[in-house]
Amino acid sequence: MNTLALGPQWLNSDYLITTFGLIGVLLIVFAESGLLIGFFLPGDSLLFTTGLMVTTNKIDTPLWLVCVLVVLAAVLGDQAGYLFGRKVGPSLFTRPDSRLFKQENVEKAHAFFEKHGPKSLILARFVPIVRTFTPIIAGVSRMQYRSFIIFNVIGGTLWGAGVTLLGAALGNVEFVHKNIEAILVGIVLLSVIPVAIEFLRARAKAKKEPAAAAADTTAPQGRGRHAKR
């Protein structure tokens, strides 16, 4: 099965699975779920392709076992991210930018976490980049560990098993085999939409704030009851 290479070959799901097998899939899921270096890895398309390859016998492992291992890797990845966040604390927000680290990603995840609370651990699973940084932000914020575990397991199961099972289910559909490239492109685009929406919202907000501040400074000051005469 040849799928469309979205970006560099080493980020192509088909290439990664063919080259590194199920172990490679689990390591990527773990890294993308909570390690700072994993935010650029292909999570959604990778899991979808994994499920499809199980159905077509490209991966010689029972589907139920693949789902269990993927969920475990996702949960452990978030766990690592949470513990890292608790260790580094607020210093994460002052860490300088580098090729693999951008403060912008931390700020987006922090805003996402503040907006959605504990359930962000579930919602973030389906948002690239944000899913990598959210468990770290949960650790920085010292979210109650019991709540973190509950939402971590729920999110890891819905995302890890859900996307894999979706790929396995659609793997039996002839239309999918004939249009696998377009479907993988669609999955990537759908996963990027939430990020694009948040980016546009943040950009619009950033434009409005200077305008509002300028309006406040130029507004005429009325005389108060105690104004000097």
# chains A, B, ... in the order shown; residues from 1 in each chain; ligands from 1
call {"tool": "residues_around", "arguments": {"residues": "range 44-48 of chain A", "least_positions_apart": "2", "cutoff": "6 Å", "atoms": "only C-alpha atoms", "output": "PyMOL selection string"}}
result
chain A and resi 13+42+50-51+163-164+167
call {"tool": "residues_around", "arguments": {"residues": "Ala80 in chain A", "least_positions_apart": "6", "cutoff": "9 Å", "atoms": "only C-alpha atoms", "output": "short mmCIF file (atom, residue, chain, number, x, y, z; two decimals) with N, CA, C and O atoms, in the first residue's frame"}}
result
data_model
loop_
_atom_site.label_atom_id
_atom_site.label_comp_id
_atom_site.auth_asym_id
_atom_site.auth_seq_id
_atom_site.Cartn_x
_atom_site.Cartn_y
_atom_site.Cartn_z
N PHE A 30 3.76 7.49 22.10
CA PHE A 30 4.26 7.90 23.42
C PHE A 30 4.88 9.28 23.36
O PHE A 30 4.58 10.16 24.18
N SER A 33 2.41 12.15 22.72
CA SER A 33 1.43 12.35 23.79
C SER A 33 1.94 13.18 24.95
O SER A 33 1.15 13.60 25.79
N GLY A 34 3.24 13.44 25.04
CA GLY A 34 3.67 14.21 26.19
C GLY A 34 5.13 14.62 26.23
O GLY A 34 5.56 15.23 27.20
N LEU A 35 5.89 14.31 25.17
CA LEU A 35 7.29 14.74 25.14
C LEU A 35 7.41 15.97 24.25
O LEU A 35 6.82 16.02 23.17
N PRO A 135 -0.84 17.88 28.56
CA PRO A 135 -0.50 17.19 29.82
C PRO A 135 0.66 17.86 30.56
O PRO A 135 0.71 17.81 31.79
N ILE A 136 1.56 18.48 29.82
CA ILE A 136 2.66 19.20 30.46
C ILE A 136 2.12 20.40 31.21
O ILE A 136 2.51 20.67 32.35
#
